[in-house]
>>> print(open('model13.cif').read())   # mmCIF, C-alpha atoms and all ligand atoms
data_final
#
loop_
_atom_site.label_atom_id
_atom_site.label_comp_id
_atom_site.auth_asym_id
_atom_site.auth_seq_id
_atom_site.Cartn_x
_atom_site.Cartn_y
_atom_site.Cartn_z
CA MET A 1 128.88 77.37 92.25
CA SER A 2 128.85 74.23 94.36
CA GLU A 3 125.96 71.84 94.20
CA ILE A 4 123.92 71.19 97.34
CA LEU A 5 121.69 68.19 97.89
CA LEU A 6 118.72 68.57 100.16
CA GLN A 7 115.44 66.82 100.75
CA ILE A 8 112.10 68.48 100.11
CA ASP A 9 108.92 66.55 100.92
CA GLY A 10 110.87 63.30 100.87
CA ARG A 11 112.43 63.98 97.46
CA GLU A 12 116.10 64.54 96.86
CA VAL A 13 116.54 67.97 95.27
CA LYS A 14 119.68 69.42 93.70
CA ALA A 15 120.31 73.10 94.30
CA THR A 16 123.22 75.48 94.05
CA GLU A 17 124.77 77.47 96.84
CA GLY A 18 122.99 80.76 97.42
CA MET A 19 119.57 79.49 96.33
CA THR A 20 116.68 79.81 98.74
CA ILE A 21 114.45 76.89 99.73
CA LEU A 22 111.72 78.45 97.60
CA GLU A 23 113.94 78.54 94.51
CA ALA A 24 115.10 74.97 95.08
CA ALA A 25 111.50 73.80 95.50
CA GLN A 26 110.34 75.67 92.40
CA SER A 27 113.19 74.21 90.35
CA ALA A 28 111.97 70.75 91.37
CA GLY A 29 108.34 71.55 90.57
CA ILE A 30 107.31 71.63 94.23
CA SER A 31 104.90 74.44 94.95
CA ILE A 32 105.06 76.70 98.01
CA PRO A 33 102.52 79.54 98.27
CA THR A 34 103.87 83.10 98.18
CA LEU A 35 102.26 86.53 98.44
CA CYS A 36 105.21 88.91 98.59
CA HIS A 37 107.71 87.10 96.40
CA HIS A 38 108.67 88.08 92.85
CA GLU A 39 111.58 86.57 90.98
CA LYS A 40 112.83 89.97 89.82
CA LEU A 41 112.84 91.44 93.32
CA GLU A 42 115.01 91.04 96.38
CA PRO A 43 113.42 88.70 98.95
CA TYR A 44 111.31 90.66 101.39
CA GLY A 45 109.89 88.17 103.86
CA ALA A 46 106.74 90.15 104.64
CA CYS A 47 103.82 87.76 104.28
CA ARG A 48 105.21 84.53 105.80
CA ILE A 49 102.75 82.42 103.82
CA CYS A 50 105.79 80.57 102.44
CA THR A 51 106.59 79.19 105.91
CA VAL A 52 108.00 75.66 105.78
CA GLU A 53 109.34 73.27 108.40
CA ILE A 54 113.03 72.41 108.30
CA GLU A 55 115.19 69.91 110.10
CA SER A 56 118.82 70.89 110.36
CA ARG A 57 121.51 69.69 112.76
CA GLY A 58 118.92 67.93 114.89
CA TRP A 59 116.62 70.97 115.21
CA THR A 60 113.17 71.45 113.75
CA ARG A 61 112.21 75.01 112.92
CA LEU A 62 109.77 77.05 110.91
CA VAL A 63 111.38 79.39 108.38
CA ALA A 64 110.33 81.59 105.46
CA ALA A 65 111.21 79.60 102.33
CA CYS A 66 111.74 82.76 100.26
CA LEU A 67 114.52 83.93 102.60
CA TYR A 68 116.16 80.79 103.94
CA PRO A 69 119.21 79.58 101.97
CA VAL A 70 119.61 75.93 101.08
CA GLU A 71 122.03 73.86 103.15
CA LYS A 72 123.57 70.48 102.58
CA ASP A 73 121.32 67.66 103.84
CA LEU A 74 118.58 70.05 104.92
CA VAL A 75 115.22 68.31 105.31
CA VAL A 76 112.27 70.47 104.30
CA ARG A 77 108.55 69.81 104.72
CA THR A 78 106.39 72.18 102.72
CA ARG A 79 103.19 70.82 104.31
CA SER A 80 102.77 69.59 107.88
CA GLU A 81 100.23 70.14 110.61
CA LYS A 82 102.25 73.06 111.99
CA VAL A 83 102.87 74.64 108.58
CA ASP A 84 99.21 74.38 107.60
CA ARG A 85 98.10 75.84 110.95
CA ILE A 86 100.37 78.85 110.52
CA ARG A 87 99.31 79.45 106.92
CA LYS A 88 95.66 79.25 107.97
CA MET A 89 96.21 81.85 110.72
CA ILE A 90 98.14 84.17 108.37
CA LEU A 91 95.36 83.98 105.80
CA GLU A 92 92.69 84.73 108.39
CA LEU A 93 94.60 87.81 109.52
CA LEU A 94 95.19 88.99 105.95
CA MET A 95 91.56 88.48 104.99
CA ALA A 96 90.56 90.91 107.72
CA HIS A 97 92.34 93.54 105.58
CA ALA A 98 91.48 92.26 102.11
CA PRO A 99 88.35 90.09 102.43
CA ASP A 100 87.65 89.98 98.70
CA SER A 101 91.11 89.20 97.41
CA VAL A 102 90.79 86.29 94.99
CA ALA A 103 94.35 85.17 95.72
CA LEU A 104 93.62 85.03 99.46
CA LEU A 105 90.24 83.34 99.01
CA ASP A 106 91.80 80.63 96.84
CA LEU A 107 94.46 79.93 99.45
CA ALA A 108 91.85 80.10 102.21
CA LYS A 109 89.96 77.27 100.54
CA GLU A 110 93.07 75.14 100.47
CA TYR A 111 93.99 75.76 104.12
CA GLY A 112 90.48 75.85 105.55
CA ALA A 113 90.90 79.48 106.64
CA ASP A 114 87.82 81.33 107.88
CA ARG A 115 87.37 84.65 106.08
CA ASP A 116 85.36 86.05 109.00
CA ARG A 117 87.50 84.90 111.93
CA PHE A 118 88.84 88.38 112.67
CA GLU A 119 87.03 91.67 112.71
CA LYS A 120 87.29 93.37 109.33
CA GLU A 121 89.66 96.27 109.04
CA ALA A 122 89.47 96.50 105.29
CA SER A 123 92.39 98.57 104.13
CA PHE A 124 92.68 96.30 101.05
CA CYS A 125 96.47 96.46 101.18
CA ILE A 126 98.27 93.53 102.80
CA HIS A 127 101.63 95.33 102.76
CA CYS A 128 103.29 92.78 100.51
CA GLY A 129 105.34 95.64 99.07
CA LEU A 130 105.27 94.20 95.55
CA CYS A 131 104.14 97.45 93.92
CA VAL A 132 106.52 99.62 95.91
CA ARG A 133 109.53 97.36 95.41
CA TYR A 134 108.83 96.70 91.73
CA CYS A 135 108.63 100.41 90.99
CA ALA A 136 111.86 101.03 92.89
CA GLU A 137 113.94 97.96 92.06
CA VAL A 138 112.87 97.16 88.50
CA LYS A 139 111.56 100.46 87.10
CA LYS A 140 113.76 102.69 89.30
CA LYS A 141 110.99 105.31 89.35
CA TYR A 142 109.95 105.41 93.02
CA ALA A 143 106.45 106.54 92.03
CA VAL A 144 104.76 104.59 94.81
CA GLY A 145 105.72 104.16 98.43
CA PHE A 146 104.37 103.36 101.85
CA VAL A 147 103.07 106.06 104.14
CA ASP A 148 102.28 105.80 107.85
CA ARG A 149 103.18 102.86 110.07
CA GLY A 150 101.72 99.77 111.68
CA THR A 151 98.07 99.09 110.91
CA ARG A 152 97.73 102.57 109.36
CA LYS A 153 100.43 101.87 106.80
CA GLU A 154 99.23 102.22 103.22
CA ILE A 155 100.57 102.82 99.74
CA SER A 156 100.59 106.21 98.17
CA PHE A 157 101.63 107.47 94.75
CA VAL A 158 103.82 110.52 94.47
CA PRO A 159 101.56 112.59 92.19
CA GLU A 160 104.40 114.46 90.45
CA ILE A 161 106.19 111.23 89.53
CA ALA A 162 103.00 109.25 88.86
CA ALA A 163 101.75 111.90 86.43
CA LYS A 164 104.91 111.50 84.36
CA GLU A 165 105.76 107.83 84.71
CA CYS A 166 102.70 105.72 85.46
CA TRP A 167 100.47 106.40 82.47
CA ASP A 168 102.49 104.22 80.14
CA CYS A 169 103.66 101.71 82.71
CA LYS A 170 101.09 100.28 85.13
CA GLU A 171 103.25 97.16 85.40
CA CYS A 172 102.65 97.04 89.14
CA PHE A 173 98.87 96.63 88.79
CA PRO A 174 98.78 92.91 88.07
CA LEU A 175 101.30 92.20 90.83
CA CYS A 176 98.93 93.23 93.59
CA PRO A 177 97.36 90.24 95.36
CA THR A 178 94.38 92.33 96.45
CA SER A 179 93.93 94.73 93.51
CA ALA A 180 94.02 97.68 95.90
CA LEU A 181 96.73 99.24 93.88
CA GLN A 182 94.49 99.91 90.95
CA ALA A 183 91.98 101.73 93.11
CA ALA A 184 94.73 103.80 94.67
CA PHE A 185 96.10 104.74 91.29
CA VAL A 186 92.73 105.58 89.87
CA LEU A 187 92.16 107.88 92.80
CA THR A 188 95.49 109.56 92.17
CA GLU A 189 94.65 109.93 88.50
CA ALA A 190 91.38 111.56 89.44
CA LEU A 191 93.14 113.95 91.78
CA ILE A 192 95.69 114.83 89.15
CA SER A 193 93.22 115.46 86.37
CA HIS A 194 90.65 117.18 88.58
CA PRO A 195 92.57 118.90 91.35
CA PRO A 196 90.27 120.18 94.05
CA SER A 197 89.55 123.83 93.47
CA PHE A 198 89.51 126.34 96.27
CA GLU A 199 87.79 129.67 96.24
CA PRO A 200 90.39 132.33 96.96
CA GLU A 201 89.65 134.20 100.13
CA LEU A 202 89.16 137.84 99.22
CA GLU A 203 90.40 140.45 101.56
CA GLU A 204 87.85 143.03 102.49
S1 LIG B 1 98.82 97.76 97.14
FE1 LIG B 1 98.85 95.59 96.61
S2 LIG B 1 100.90 95.24 95.73
FE2 LIG B 1 101.00 97.17 96.83
S3 LIG B 1 101.73 96.64 98.89
FE3 LIG B 1 99.49 96.67 99.00
S4 LIG B 1 98.85 94.55 98.61
FE4 LIG B 1 101.00 94.73 97.93
S1 LIG B 2 106.63 84.87 100.12
FE1 LIG B 2 108.03 84.47 101.72
S2 LIG B 2 107.49 85.88 103.23
FE2 LIG B 2 106.15 86.35 101.58
#
>>> encode(input="model13.cif", output="structure tokens")
Amino acid sequence: MSEILLQIDGREVKATEGMTILEAAQSAGISIPTLCHHEKLEPYGACRICTVEIESRGWTRLVAACLYPVEKDLVVRTRSEKVDRIRKMILELLMAHAPDSVALLDLAKEYGADRDRFEKEASFCIHCGLCVRYCAEVKKKYAVGFVDRGTRKEISFVPEIAAKECWDCKECFPLCPTSALQAAFVLTEALISHPPSFEPELEE
């Protein structure tokens, strides 16, 4: 694999072809925040908190560091006024869904994001897809997926698979940046162990 030299935050960084900006930065000890990235999973590009500013062939652009591949002589800024403004806005939007997420609150402190800027629509899930993708890509079980679309989109366990596979696994729990997953699973557990009972309708 050929070596690529690029500049991140004024430092020369060595990377190899095919690496993303995020991987190159991490290998050089430069931190970029992420909410939907996991090293064992395919890049997903959902949260955009990893947005960085790049200069390439005379153009300045904002890109998702977890998706964008390194290029020779690329200049990357992981913090700038624009980058910080975008991260702040993303956090404010996400906190409308998951106002008590510790991961979001920590980042909010760093970027001066206001937890109460947008009206709360607490669904607790920020659609990072970590649980869904981990179960599919790493565990190959497909026990959890997304249902519905847009703002109504939420995760849901497939009870038949969850009953068999999740008891001894639960590896997706700690991945969740909002801890919604645990609540969803507990609910499913409850439904599985205490299925709602219906009185049979008796014919007269
Ligand atoms: S439940 Fe958590 S891990 Fe799963 S998609 Fe939502 S925020 Fe991400
Ligand atoms: S970490 Fe890059 S888009 Fe979420």
>>> residues_near_ligand(input="model13.cif", ligand="ligand LIG 1 (chain B)", cutoff="8 Å", atoms="only C-alpha atoms and all ligand atoms", output="ChimeraX atom specification")
/A:36,124-132,146,154-155,172-173,175-182,184
>>> residues_near_ligand(input="model13.cif", ligand="ligand LIG 2 (chain B)", cutoff="6 Å", atoms="all atoms listed in the file", output="list in words")
Thr34, Leu35, Cys36, His37, Gly45, Ala46, Cys47, Arg48, Ile49, Cys50, Ala64, Ala65 and Cys66 of chain A
>>> axis_aligned_box(input="model13.cif", around="segment 22-40 of chain A", padding_each_side="8 Å", output="AutoDock Vina command-line options")
--center_x 108.7 --center_y 80.4 --center_z 94.2 --size_x 28.8 --size_y 35.2 --size_z 24.8
>>> atom_distance(input="model13.cif", atom1="atom CA of Val52 of chain A", atom2="atom CA of Val70 of chain A")
12.5 Å
>>> closest_residue(input="model13.cif", among="A:Leu67, A:Thr60, A:Leu74, A:His38", to="Glu12 of chain A", atoms="only C-alpha atoms")
A:Leu74
>>> residues_around(input="model13.cif", residues="Thr16 of chain A", least_positions_apart="5", cutoff="9 Å", atoms="all atoms listed in the file", output="number ranges by chain")
A: 1-5, 24, 70
>>> write_last_selection(input="model13.cif", atoms="C-alpha atoms", output="PDB file, keeping the file's coordinate frame")
ATOM      1  CA  MET A   1     128.880  77.370  92.250  1.00  0.00           C
ATOM      2  CA  SER A   2     128.850  74.230  94.360  1.00  0.00           C
ATOM      3  CA  GLU A   3     125.960  71.840  94.200  1.00  0.00           C
ATOM      4  CA  ILE A   4     123.920  71.190  97.340  1.00  0.00           C
ATOM      5  CA  LEU A   5     121.690  68.190  97.890  1.00  0.00           C
ATOM      6  CA  ALA A  24     115.100  74.970  95.080  1.00  0.00           C
ATOM      7  CA  VAL A  70     119.610  75.930 101.080  1.00  0.00           C
TER       8      VAL A  70
END
>>> closest_residue(input="model13.cif", among="A:Glu121, A:Glu53, A:Asp73, A:Asp84", to="Ala96 of chain A", atoms="only C-alpha atoms")
A:Glu121
>>> decode(input="model13.cif", residues="segment 32-185 of chain A", atoms="C-alpha atoms", output="CSV table (one decimal), in the first residue's frame")
chain,number,residue,atom,x,y,z
A,32,ILE,CA,-12.0,14.0,16.2
A,33,PRO,CA,-15.3,13.4,17.9
A,34,THR,CA,-17.5,10.6,16.6
A,35,LEU,CA,-21.0,9.3,17.5
A,36,CYS,CA,-21.7,6.7,14.8
A,37,HIS,CA,-18.2,5.3,14.1
A,38,HIS,CA,-16.9,2.0,15.3
A,39,GLU,CA,-13.6,0.5,14.1
A,40,LYS,CA,-15.2,-2.9,13.5
A,41,LEU,CA,-18.0,-1.5,11.3
A,42,GLU,CA,-18.3,-0.1,7.9
A,43,PRO,CA,-18.3,3.7,7.9
A,44,TYR,CA,-21.9,5.0,8.1
A,45,GLY,CA,-21.7,8.8,8.0
A,46,ALA,CA,-24.9,9.4,10.0
A,47,CYS,CA,-24.1,11.8,12.8
A,48,ARG,CA,-21.7,14.2,11.0
A,49,ILE,CA,-20.1,15.2,14.3
A,50,CYS,CA,-16.8,14.2,12.8
A,51,THR,CA,-17.0,17.1,10.3
A,52,VAL,CA,-13.6,18.6,9.5
A,53,GLU,CA,-12.5,21.3,7.1
A,54,ILE,CA,-10.2,20.3,4.2
A,55,GLU,CA,-8.3,22.2,1.6
A,56,SER,CA,-7.7,20.2,-1.6
A,57,ARG,CA,-6.8,21.5,-5.1
A,58,GLY,CA,-7.5,25.1,-4.0
A,59,TRP,CA,-10.9,24.3,-2.6
A,60,THR,CA,-12.0,24.5,1.0
A,61,ARG,CA,-14.8,22.1,2.0
A,62,LEU,CA,-16.4,20.5,5.0
A,63,VAL,CA,-16.4,16.7,4.9
A,64,ALA,CA,-17.1,13.8,7.3
A,65,ALA,CA,-13.8,12.5,8.5
A,66,CYS,CA,-15.0,9.0,9.0
A,67,LEU,CA,-15.9,8.7,5.3
A,68,TYR,CA,-13.4,10.9,3.4
A,69,PRO,CA,-10.3,9.1,2.2
A,70,VAL,CA,-6.9,10.6,2.6
A,71,GLU,CA,-5.2,12.3,-0.3
A,72,LYS,CA,-1.7,13.4,-1.0
A,73,ASP,CA,-1.0,16.9,0.4
A,74,LEU,CA,-4.5,17.2,1.8
A,75,VAL,CA,-4.7,19.9,4.4
A,76,VAL,CA,-7.1,19.1,7.2
A,77,ARG,CA,-8.3,21.3,10.1
A,78,THR,CA,-10.1,19.4,12.8
A,79,ARG,CA,-11.1,22.6,14.6
A,80,SER,CA,-12.0,25.9,13.0
A,81,GLU,CA,-14.8,28.4,13.5
A,82,LYS,CA,-16.9,26.7,10.8
A,83,VAL,CA,-16.3,23.2,12.1
A,84,ASP,CA,-17.1,24.2,15.7
A,85,ARG,CA,-20.3,26.0,14.6
A,86,ILE,CA,-21.5,22.9,12.7
A,87,ARG,CA,-20.7,20.6,15.6
A,88,LYS,CA,-22.5,22.9,18.0
A,89,MET,CA,-25.6,22.9,15.8
A,90,ILE,CA,-25.5,19.1,15.3
A,91,LEU,CA,-25.3,18.6,19.1
A,92,GLU,CA,-28.2,21.0,19.7
A,93,LEU,CA,-30.4,19.0,17.3
A,94,LEU,CA,-29.3,15.7,18.7
A,95,MET,CA,-30.0,16.8,22.3
A,96,ALA,CA,-33.6,17.5,21.4
A,97,HIS,CA,-33.9,13.7,20.9
A,98,ALA,CA,-31.6,12.6,23.7
A,99,PRO,CA,-31.3,15.4,26.3
A,100,ASP,CA,-29.8,13.2,29.0
A,101,SER,CA,-27.1,11.5,26.9
A,102,VAL,CA,-23.8,11.8,28.8
A,103,ALA,CA,-21.9,11.5,25.6
A,104,LEU,CA,-23.8,14.4,24.1
A,105,LEU,CA,-23.7,16.5,27.2
A,106,ASP,CA,-19.9,16.1,27.4
A,107,LEU,CA,-19.5,17.2,23.8
A,108,ALA,CA,-22.0,20.0,24.3
A,109,LYS,CA,-19.8,21.4,27.1
A,110,GLU,CA,-16.8,21.4,24.7
A,111,TYR,CA,-18.7,23.1,21.8
A,112,GLY,CA,-20.8,25.5,23.9
A,113,ALA,CA,-24.0,23.8,22.6
A,114,ASP,CA,-27.3,24.7,24.3
A,115,ARG,CA,-29.2,21.6,25.4
A,116,ASP,CA,-32.5,23.5,25.3
A,117,ARG,CA,-32.1,25.3,21.9
A,118,PHE,CA,-34.7,23.1,20.1
A,119,GLU,CA,-38.0,21.8,21.3
A,120,LYS,CA,-37.6,18.4,22.9
A,121,GLU,CA,-38.8,15.4,20.9
A,122,ALA,CA,-37.2,12.9,23.2
A,123,SER,CA,-37.1,9.6,21.3
A,124,PHE,CA,-33.7,8.9,23.0
A,125,CYS,CA,-32.4,7.3,19.8
A,126,ILE,CA,-30.1,9.5,17.7
A,127,HIS,CA,-30.1,7.0,14.8
A,128,CYS,CA,-26.4,6.4,14.9
A,129,GLY,CA,-27.1,2.8,13.8
A,130,LEU,CA,-24.4,1.3,16.0
A,131,CYS,CA,-26.6,-1.3,17.6
A,132,VAL,CA,-28.2,-2.3,14.4
A,133,ARG,CA,-25.0,-2.4,12.4
A,134,TYR,CA,-23.0,-4.2,15.1
A,135,CYS,CA,-25.7,-6.9,15.4
A,136,ALA,CA,-25.7,-7.4,11.6
A,137,GLU,CA,-22.1,-6.9,10.6
A,138,VAL,CA,-20.2,-8.3,13.6
A,139,LYS,CA,-22.7,-10.8,15.2
A,140,LYS,CA,-24.5,-11.6,12.0
A,141,LYS,CA,-27.7,-12.0,14.0
A,142,TYR,CA,-30.0,-9.2,12.7
A,143,ALA,CA,-31.8,-9.2,16.1
A,144,VAL,CA,-32.3,-5.4,16.0
A,145,GLY,CA,-33.3,-3.1,13.2
A,146,PHE,CA,-34.9,0.3,12.4
A,147,VAL,CA,-38.6,0.6,12.0
A,148,ASP,CA,-40.4,3.6,10.5
A,149,ARG,CA,-38.8,6.6,8.7
A,150,GLY,CA,-37.8,10.1,9.3
A,151,THR,CA,-38.4,11.5,12.7
A,152,ARG,CA,-40.5,8.5,13.6
A,153,LYS,CA,-37.6,6.1,12.9
A,154,GLU,CA,-36.7,4.0,15.9
A,155,ILE,CA,-35.0,0.7,16.8
A,156,SER,CA,-36.9,-2.5,17.4
A,157,PHE,CA,-35.8,-5.9,18.4
A,158,VAL,CA,-37.2,-8.9,16.5
A,159,PRO,CA,-38.6,-10.8,19.5
A,160,GLU,CA,-38.1,-14.3,18.0
A,161,ILE,CA,-34.4,-13.6,17.3
A,162,ALA,CA,-33.8,-11.6,20.5
A,163,ALA,CA,-35.3,-14.3,22.7
A,164,LYS,CA,-32.7,-16.7,21.3
A,165,GLU,CA,-29.6,-14.6,20.7
A,166,CYS,CA,-29.6,-11.5,22.9
A,167,TRP,CA,-29.6,-13.0,26.4
A,168,ASP,CA,-26.0,-14.1,26.3
A,169,CYS,CA,-24.8,-11.3,24.1
A,170,LYS,CA,-25.9,-7.7,24.9
A,171,GLU,CA,-22.7,-6.5,23.2
A,172,CYS,CA,-24.6,-3.6,21.6
A,173,PHE,CA,-25.7,-2.1,24.9
A,174,PRO,CA,-22.5,-0.2,25.7
A,175,LEU,CA,-22.2,1.0,22.1
A,176,CYS,CA,-25.3,3.2,22.4
A,177,PRO,CA,-24.4,6.9,22.9
A,178,THR,CA,-27.8,7.5,24.6
A,179,SER,CA,-28.4,4.3,26.4
A,180,ALA,CA,-31.8,4.0,24.7
A,181,LEU,CA,-31.0,0.6,23.5
A,182,GLN,CA,-31.0,-0.9,27.0
A,183,ALA,CA,-34.5,0.4,27.7
A,184,ALA,CA,-35.7,-0.9,24.4
A,185,PHE,CA,-34.3,-4.3,25.1
